[in-house]
>>> print(open('coords_14.cif').read())   # mmCIF, C-alpha atoms
data_input
loop_
_atom_site.label_atom_id
_atom_site.label_comp_id
_atom_site.auth_asym_id
_atom_site.auth_seq_id
_atom_site.Cartn_x
_atom_site.Cartn_y
_atom_site.Cartn_z
CA MET X 1 96.52 123.80 127.25
CA SER X 2 97.17 121.74 124.12
CA PHE X 3 100.29 122.33 122.04
CA PHE X 4 98.11 122.72 118.93
CA GLU X 5 94.35 122.93 118.56
CA THR X 6 91.60 123.77 116.12
CA ARG X 7 88.18 124.83 117.38
CA HIS X 8 85.15 124.56 115.08
CA LEU X 9 87.38 125.14 112.05
CA THR X 10 85.29 125.87 108.95
CA LYS X 11 86.13 126.82 105.37
CA HIS X 12 83.69 127.75 102.61
CA PHE X 13 84.63 128.11 98.94
CA GLY X 14 81.54 129.81 97.58
CA GLY X 15 78.72 127.31 98.13
CA LEU X 16 81.10 124.44 98.93
CA THR X 17 81.99 123.69 102.56
CA ALA X 18 85.45 122.11 102.37
CA VAL X 19 86.05 121.96 106.14
CA ASN X 20 83.04 121.79 108.44
CA ASP X 21 83.21 122.52 112.20
CA LEU X 22 86.44 120.55 112.72
CA SER X 23 87.95 120.48 116.22
CA PHE X 24 91.01 118.48 117.27
CA GLN X 25 94.00 118.71 119.59
CA VAL X 26 97.61 117.61 119.12
CA GLU X 27 99.93 117.13 122.07
CA LYS X 28 103.61 118.06 122.01
CA GLY X 29 105.78 115.17 120.80
CA GLU X 30 103.00 113.35 118.93
CA ILE X 31 102.82 112.06 115.41
CA TYR X 32 99.18 112.83 114.64
CA GLY X 33 97.66 111.41 111.46
CA LEU X 34 94.99 113.11 109.37
CA ILE X 35 93.38 110.67 106.96
CA GLY X 36 90.37 110.49 104.67
CA PRO X 37 89.45 109.72 101.05
CA ASN X 38 90.48 111.99 98.19
CA GLY X 39 88.74 115.36 98.37
CA SER X 40 87.89 115.03 102.06
CA GLY X 41 89.53 118.34 102.99
CA LYS X 42 92.89 117.24 104.44
CA THR X 43 95.14 119.58 102.45
CA THR X 44 92.63 122.39 102.95
CA VAL X 45 93.10 121.94 106.71
CA PHE X 46 96.87 122.35 106.21
CA ASN X 47 96.28 125.43 104.06
CA LEU X 48 94.13 126.96 106.80
CA ILE X 49 96.68 126.20 109.51
CA THR X 50 99.49 127.82 107.54
CA GLY X 51 97.52 130.84 106.38
CA TYR X 52 97.30 129.98 102.67
CA HIS X 53 93.52 130.27 102.90
CA PRO X 54 91.61 132.51 105.31
CA VAL X 55 89.40 130.74 107.85
CA SER X 56 85.63 131.16 107.32
CA ALA X 57 84.85 130.38 110.97
CA GLY X 58 86.53 128.88 114.00
CA GLU X 59 89.94 129.23 115.56
CA ILE X 60 93.45 127.77 115.26
CA LEU X 61 95.69 127.87 118.33
CA PHE X 62 99.43 127.14 118.47
CA ARG X 63 100.98 127.00 121.95
CA GLY X 64 97.78 128.52 123.30
CA ALA X 65 97.72 131.59 121.03
CA PRO X 66 95.45 132.09 117.99
CA ILE X 67 97.28 132.09 114.64
CA ASN X 68 94.43 132.25 112.13
CA GLY X 69 94.50 135.57 110.31
CA LEU X 70 98.29 135.85 110.47
CA PRO X 71 100.30 135.93 107.22
CA THR X 72 102.03 132.71 106.17
CA TRP X 73 105.53 134.05 106.86
CA LYS X 74 104.64 134.99 110.42
CA ILE X 75 103.11 131.55 111.09
CA CYS X 76 106.33 130.01 109.78
CA LYS X 77 108.43 132.26 112.05
CA LEU X 78 106.30 131.21 115.02
CA GLY X 79 107.40 127.63 114.37
CA VAL X 80 104.92 125.96 112.00
CA GLY X 81 106.57 124.35 108.95
CA ARG X 82 105.07 122.29 106.16
CA THR X 83 105.71 120.25 103.05
CA PHE X 84 103.55 120.15 99.93
CA GLN X 85 101.93 117.31 97.99
CA VAL X 86 103.49 118.45 94.74
CA VAL X 87 107.22 118.85 95.34
CA LYS X 88 108.64 121.90 93.57
CA PRO X 89 112.28 122.51 94.50
CA LEU X 90 114.18 125.48 93.13
CA ARG X 91 115.27 123.47 90.11
CA ARG X 92 118.28 125.48 88.97
CA MET X 93 119.75 125.70 92.45
CA SER X 94 121.75 123.03 94.25
CA VAL X 95 120.37 120.88 97.04
CA LEU X 96 122.38 122.94 99.54
CA GLU X 97 121.13 126.24 98.14
CA ASN X 98 117.52 125.01 98.30
CA VAL X 99 117.82 124.29 102.02
CA MET X 100 119.73 127.52 102.68
CA THR X 101 116.84 129.57 101.33
CA SER X 102 114.63 128.07 104.05
CA ALA X 103 117.28 128.56 106.74
CA PHE X 104 117.10 132.33 106.16
CA ASN X 105 113.77 132.14 108.03
CA ARG X 106 115.87 132.19 111.23
CA THR X 107 118.92 134.19 110.28
CA GLY X 108 120.07 136.94 107.96
CA LYS X 109 123.65 135.67 107.84
CA LYS X 110 124.77 133.49 104.93
CA SER X 111 127.28 131.57 107.06
CA GLU X 112 124.64 130.67 109.62
CA ALA X 113 122.17 129.67 106.91
CA MET X 114 124.80 127.41 105.35
CA ASP X 115 125.65 125.81 108.71
CA LYS X 116 121.96 125.12 109.34
CA ALA X 117 121.48 123.72 105.83
CA MET X 118 124.47 121.40 106.20
CA GLU X 119 123.12 120.17 109.53
CA VAL X 120 119.69 119.49 107.99
CA LEU X 121 121.16 117.71 104.95
CA GLU X 122 123.17 115.42 107.21
CA PHE X 123 120.03 114.72 109.26
CA CYS X 124 118.07 113.89 106.08
CA GLU X 125 120.95 111.83 104.63
CA LEU X 126 121.36 114.14 101.64
CA LEU X 127 124.76 115.60 102.52
CA LYS X 128 126.56 113.64 99.78
CA LYS X 129 124.24 115.25 97.22
CA LYS X 130 124.52 118.83 98.50
CA ASP X 131 126.04 120.08 95.24
CA TYR X 132 123.61 118.25 92.94
CA PRO X 133 121.16 120.44 91.00
CA ALA X 134 117.73 119.91 92.54
CA LYS X 135 116.18 119.19 89.12
CA GLY X 136 118.33 116.05 88.79
CA LEU X 137 117.15 114.33 91.98
CA THR X 138 115.05 111.18 92.06
CA ILE X 139 111.49 111.49 93.41
CA GLY X 140 112.65 109.89 96.67
CA ASP X 141 115.42 112.45 97.13
CA ARG X 142 113.12 115.31 96.10
CA LYS X 143 110.73 114.26 98.86
CA ARG X 144 113.64 114.22 101.32
CA LEU X 145 114.72 117.64 100.11
CA GLU X 146 111.18 118.94 100.64
CA ILE X 147 111.30 117.72 104.24
CA GLY X 148 114.77 119.24 104.64
CA ARG X 149 113.57 122.61 103.38
CA ALA X 150 110.74 122.55 105.93
CA LEU X 151 113.10 121.52 108.76
CA ALA X 152 115.49 124.35 107.92
CA THR X 153 112.79 126.90 108.81
CA GLY X 154 113.15 125.76 112.44
CA PRO X 155 109.68 124.35 113.14
CA GLU X 156 108.27 123.12 116.42
CA LEU X 157 105.23 121.78 114.53
CA LEU X 158 105.75 120.15 111.12
CA LEU X 159 102.90 119.41 108.70
CA LEU X 160 103.77 116.61 106.27
CA ASP X 161 101.49 116.36 103.23
CA GLU X 162 101.76 112.98 101.45
CA THR X 163 105.53 112.66 101.69
CA MET X 164 105.33 108.95 100.78
CA ALA X 165 103.43 109.31 97.51
CA GLY X 166 105.30 107.82 94.55
CA LEU X 167 107.98 106.13 96.67
CA THR X 168 109.10 102.50 96.45
CA PRO X 169 108.42 100.22 99.45
CA GLN X 170 112.07 100.56 100.49
CA GLU X 171 111.86 104.35 100.25
CA GLN X 172 108.63 104.32 102.27
CA THR X 173 110.36 102.38 105.05
CA ALA X 174 113.27 104.84 105.04
CA GLY X 175 110.81 107.75 104.98
CA ALA X 176 108.98 106.40 108.02
CA GLU X 177 112.30 106.11 109.86
CA LEU X 178 113.07 109.75 109.01
CA ILE X 179 109.68 110.88 110.33
CA ARG X 180 110.28 109.04 113.62
CA LYS X 181 113.72 110.62 113.82
CA ILE X 182 112.19 114.08 113.34
CA ARG X 183 109.73 113.42 116.18
CA ASP X 184 112.54 112.10 118.38
CA SER X 185 114.43 115.36 117.78
CA GLY X 186 111.60 117.22 119.54
CA ILE X 187 109.38 118.27 116.63
CA THR X 188 105.65 117.53 116.76
CA ILE X 189 104.17 116.20 113.51
CA ILE X 190 100.78 116.23 111.82
CA ILE X 191 100.85 113.97 108.77
CA VAL X 192 98.47 113.53 105.85
CA GLU X 193 99.09 110.23 104.10
CA HIS X 194 97.19 107.74 101.91
CA ILE X 195 99.58 104.79 102.35
CA MET X 196 97.81 103.10 105.22
CA HIS X 197 100.50 100.68 106.38
CA VAL X 198 102.84 103.66 106.86
CA ILE X 199 100.39 105.83 108.77
CA MET X 200 99.19 102.93 110.93
CA ASN X 201 102.74 102.16 112.00
CA ILE X 202 104.05 105.64 112.79
CA CYS X 203 101.07 107.58 114.22
CA ASP X 204 100.14 107.84 117.89
CA ARG X 205 96.59 108.93 117.08
CA LEU X 206 94.49 109.41 113.96
CA LEU X 207 91.66 111.67 112.86
CA CYS X 208 89.62 110.59 109.84
CA ILE X 209 87.60 113.21 107.99
CA ASN X 210 85.16 112.98 105.10
CA TYR X 211 83.51 115.93 103.35
CA GLY X 212 85.45 118.11 105.77
CA GLN X 213 83.85 116.57 108.85
CA ASP X 214 85.24 114.45 111.69
CA ILE X 215 83.98 110.87 111.29
CA ALA X 216 86.36 108.96 113.60
CA ARG X 217 89.32 109.50 115.90
CA GLY X 218 91.47 107.39 118.21
CA THR X 219 94.38 104.99 117.99
CA PRO X 220 95.29 103.64 114.53
CA VAL X 221 93.64 100.29 115.35
CA GLU X 222 90.44 101.94 116.60
CA VAL X 223 90.14 104.16 113.52
CA ALA X 224 91.00 101.37 111.05
CA ASN X 225 88.16 99.24 112.47
CA ASP X 226 85.60 102.03 112.60
CA HIS X 227 82.60 101.27 110.38
CA ALA X 228 82.27 104.92 109.23
CA VAL X 229 85.92 104.94 108.11
CA ILE X 230 85.57 101.66 106.20
CA GLU X 231 82.42 103.00 104.53
CA ALA X 232 84.13 106.30 103.60
CA TYR X 233 86.99 104.48 101.87
CA LEU X 234 85.17 101.49 100.38
CA GLY X 235 81.57 102.66 100.08
CA LYS X 236 78.38 101.17 101.49
CA GLU X 237 77.62 97.49 101.11
#
>>> encode(input="coords_14.cif", output="structure tokens")
Amino acid sequence: MSFFETRHLTKHFGGLTAVNDLSFQVEKGEIYGLIGPNGSGKTTVFNLITGYHPVSAGEILFRGAPINGLPTWKICKLGVGRTFQVVKPLRRMSVLENVMTSAFNRTGKKSEAMDKAMEVLEFCELLKKKDYPAKGLTIGDRKRLEIGRALATGPELLLLDETMAGLTPQEQTAGAELIRKIRDSGITIIIVEHIMHVIMNICDRLLCINYGQDIARGTPVEVANDHAVIEAYLGKE
């Protein structure tokens, strides 16, 4: 039994098929990369996994049990967390308060939510900025806060959607270190990312999709050298 699995996952938006018969498995403790050109269906896959869109066909299994059809809050409580491409913190609240709101996923007590938030902020190296208003953070710190908010929900599986976008090379290196640290803490990761040198260095395995379909899978080296992947990104000769 795989830790996480999709079977023949399909999503139609009217006449458009955004995800087409997609099956893949992720083992516990992996960093699994999902890549593909813009518009290939990567974020739609995340939206299906987390219940933001209903599945048209197929099945999603987490720890052996189907989760498609469940509401988003229940999927989160089961242990699936995520970040979003467009980072939208609660702007008028402090960094600490932002993370506390997520920590209430696991507790109804303010003291416990604060303890969890403080722990997460230390882990994400944001503790010194806990009292800053979220709207005043740099893009790099907003991305870290987004990851912190997801971690505070208590996930076993974390979906990271383009957490490196807009970051400097130094911030990308620090971000990759944080992702490895999350995995080393026992959390399995599926990551969508366009910055290839990052994804090639941190992922155990990759799946490349185009037009919602699986076109290549394997180790980062195998996928990077696959002719179908090169064609999808660069076009035909």
>>> resolve_selection(input="coords_14.cif", expression="the PyMOL selection byres ((chain X and resi 152) around 9)", output="NGL selection string")
:X and (81 or 99-106 or 113 or 116-117 or 119-120 or 147-151 or 153-155)
>>> residues_around(input="coords_14.cif", residues="segment 45-51 of chain X", least_positions_apart="4", cutoff="7 Å", atoms="all atoms listed in the file", output="PyMOL selection string")
chain X and resi 41+55+60+68-72+75
>>> residues_near_point(input="coords_14.cif", point="(90.1, 123.5, 119.2)", cutoff="12 Å", atoms="only C-alpha atoms", output="PyMOL selection string")
chain X and resi 1-10+21-26+57-66
>>> write_last_selection(input="coords_14.cif", atoms="C-alpha atoms", output="mmCIF file, in the frame of the given file")
data_model
loop_
_atom_site.group_PDB
_atom_site.id
_atom_site.type_symbol
_atom_site.label_atom_id
_atom_site.label_comp_id
_atom_site.auth_asym_id
_atom_site.auth_seq_id
_atom_site.Cartn_x
_atom_site.Cartn_y
_atom_site.Cartn_z
ATOM 1 C CA MET X 1 96.520 123.800 127.250
ATOM 2 C CA SER X 2 97.170 121.740 124.120
ATOM 3 C CA PHE X 3 100.290 122.330 122.040
ATOM 4 C CA PHE X 4 98.110 122.720 118.930
ATOM 5 C CA GLU X 5 94.350 122.930 118.560
ATOM 6 C CA THR X 6 91.600 123.770 116.120
ATOM 7 C CA ARG X 7 88.180 124.830 117.380
ATOM 8 C CA HIS X 8 85.150 124.560 115.080
ATOM 9 C CA LEU X 9 87.380 125.140 112.050
ATOM 10 C CA THR X 10 85.290 125.870 108.950
ATOM 11 C CA ASP X 21 83.210 122.520 112.200
ATOM 12 C CA LEU X 22 86.440 120.550 112.720
ATOM 13 C CA SER X 23 87.950 120.480 116.220
ATOM 14 C CA PHE X 24 91.010 118.480 117.270
ATOM 15 C CA GLN X 25 94.000 118.710 119.590
ATOM 16 C CA VAL X 26 97.610 117.610 119.120
ATOM 17 C CA ALA X 57 84.850 130.380 110.970
ATOM 18 C CA GLY X 58 86.530 128.880 114.000
ATOM 19 C CA GLU X 59 89.940 129.230 115.560
ATOM 20 C CA ILE X 60 93.450 127.770 115.260
ATOM 21 C CA LEU X 61 95.690 127.870 118.330
ATOM 22 C CA PHE X 62 99.430 127.140 118.470
ATOM 23 C CA ARG X 63 100.980 127.000 121.950
ATOM 24 C CA GLY X 64 97.780 128.520 123.300
ATOM 25 C CA ALA X 65 97.720 131.590 121.030
ATOM 26 C CA PRO X 66 95.450 132.090 117.990
#
>>> closest_residue(input="coords_14.cif", among="X:Asp161, X:Asp131, X:Glu156, X:Glu30", to="Val86 of chain X", atoms="only C-alpha atoms")
X:Asp161
>>> resolve_selection(input="coords_14.cif", expression="the PyMOL selection byres ((chain X and resi 35) around 6)", output="NGL selection string")
:X and (34 or 36 or 192 or 208)
>>> write_last_selection(input="coords_14.cif", atoms="C-alpha atoms", output="mmCIF file, in the frame of the given file")
data_model
loop_
_atom_site.group_PDB
_atom_site.id
_atom_site.type_symbol
_atom_site.label_atom_id
_atom_site.label_comp_id
_atom_site.auth_asym_id
_atom_site.auth_seq_id
_atom_site.Cartn_x
_atom_site.Cartn_y
_atom_site.Cartn_z
ATOM 1 C CA LEU X 34 94.990 113.110 109.370
ATOM 2 C CA GLY X 36 90.370 110.490 104.670
ATOM 3 C CA VAL X 192 98.470 113.530 105.850
ATOM 4 C CA CYS X 208 89.620 110.590 109.840
#
>>> atom_distance(input="coords_14.cif", atom1="atom CA of Leu127 of chain X", atom2="atom CA of Arg142 of chain X")
13.3 Å
>>> atom_distance(input="coords_14.cif", atom1="atom CA of Thr173 of chain X", atom2="atom CA of Glu27 of chain X")
24.8 Å
>>> closest_residue(input="coords_14.cif", among="X:Ile195, X:Ile202, X:Ala224, X:Leu234", to="Lys181 of chain X", atoms="all atoms listed in the file")
X:Ile202
>>> atom_distance(input="coords_14.cif", atom1="atom CA of Ala176 of chain X", atom2="atom CA of Arg205 of chain X")
15.6 Å
>>> residues_around(input="coords_14.cif", residues="Tyr132 of chain X", least_positions_apart="3", cutoff="6 Å", atoms="only C-alpha atoms", output="list in words")
Ser94, Val95 and Lys129 of chain X
>>> closest_residue(input="coords_14.cif", among="X:Ala228, X:Met93, X:Cys76, X:Met200", to="Gly136 of chain X", atoms="all atoms listed in the file")
X:Met93
>>> resolve_selection(input="coords_14.cif", expression="the PyMOL selection byres ((chain X and resi 91) around 7)", output="list in words")
Pro89, Leu90, Arg92, Met93, Pro133, Ala134 and Lys135 of chain X
>>> residues_around(input="coords_14.cif", residues="Cys203 of chain X", least_positions_apart="2", cutoff="12 Å", atoms="all atoms listed in the file", output="PyMOL selection string")
chain X and resi 26+29-35+176+179-180+183+188-193+196-201+205-207+218-221+223
>>> write_last_selection(input="coords_14.cif", atoms="C-alpha atoms", output="CSV table (one decimal), in the coordinates of the input")
chain,number,residue,atom,x,y,z
X,26,VAL,CA,97.6,117.6,119.1
X,29,GLY,CA,105.8,115.2,120.8
X,30,GLU,CA,103.0,113.4,118.9
X,31,ILE,CA,102.8,112.1,115.4
X,32,TYR,CA,99.2,112.8,114.6
X,33,GLY,CA,97.7,111.4,111.5
X,34,LEU,CA,95.0,113.1,109.4
X,35,ILE,CA,93.4,110.7,107.0
X,176,ALA,CA,109.0,106.4,108.0
X,179,ILE,CA,109.7,110.9,110.3
X,180,ARG,CA,110.3,109.0,113.6
X,183,ARG,CA,109.7,113.4,116.2
X,188,THR,CA,105.6,117.5,116.8
X,189,ILE,CA,104.2,116.2,113.5
X,190,ILE,CA,100.8,116.2,111.8
X,191,ILE,CA,100.8,114.0,108.8
X,192,VAL,CA,98.5,113.5,105.8
X,193,GLU,CA,99.1,110.2,104.1
X,196,MET,CA,97.8,103.1,105.2
X,197,HIS,CA,100.5,100.7,106.4
X,198,VAL,CA,102.8,103.7,106.9
X,199,ILE,CA,100.4,105.8,108.8
X,200,MET,CA,99.2,102.9,110.9
X,201,ASN,CA,102.7,102.2,112.0
X,205,ARG,CA,96.6,108.9,117.1
X,206,LEU,CA,94.5,109.4,114.0
X,207,LEU,CA,91.7,111.7,112.9
X,218,GLY,CA,91.5,107.4,118.2
X,219,THR,CA,94.4,105.0,118.0
X,220,PRO,CA,95.3,103.6,114.5
X,221,VAL,CA,93.6,100.3,115.4
X,223,VAL,CA,90.1,104.2,113.5
>>> residues_around(input="coords_14.cif", residues="Leu167 of chain X", least_positions_apart="2", cutoff="12 Å", atoms="all atoms listed in the file", output="list in words")
Thr138, Ile139, Gly140, Asp141, Arg142, Lys143, Arg144, Glu162, Thr163, Met164, Ala165, Pro169, Gln170, Glu171, Gln172, Thr173, Ala174, Gly175, Ala176, Ile195 and Val198 of chain X
>>> residues_around(input="coords_14.cif", residues="Thr17 of chain X", least_positions_apart="6", cutoff="10 Å", atoms="only C-alpha atoms", output="PyMOL selection string")
chain X and resi 10-11+41+56+211-213
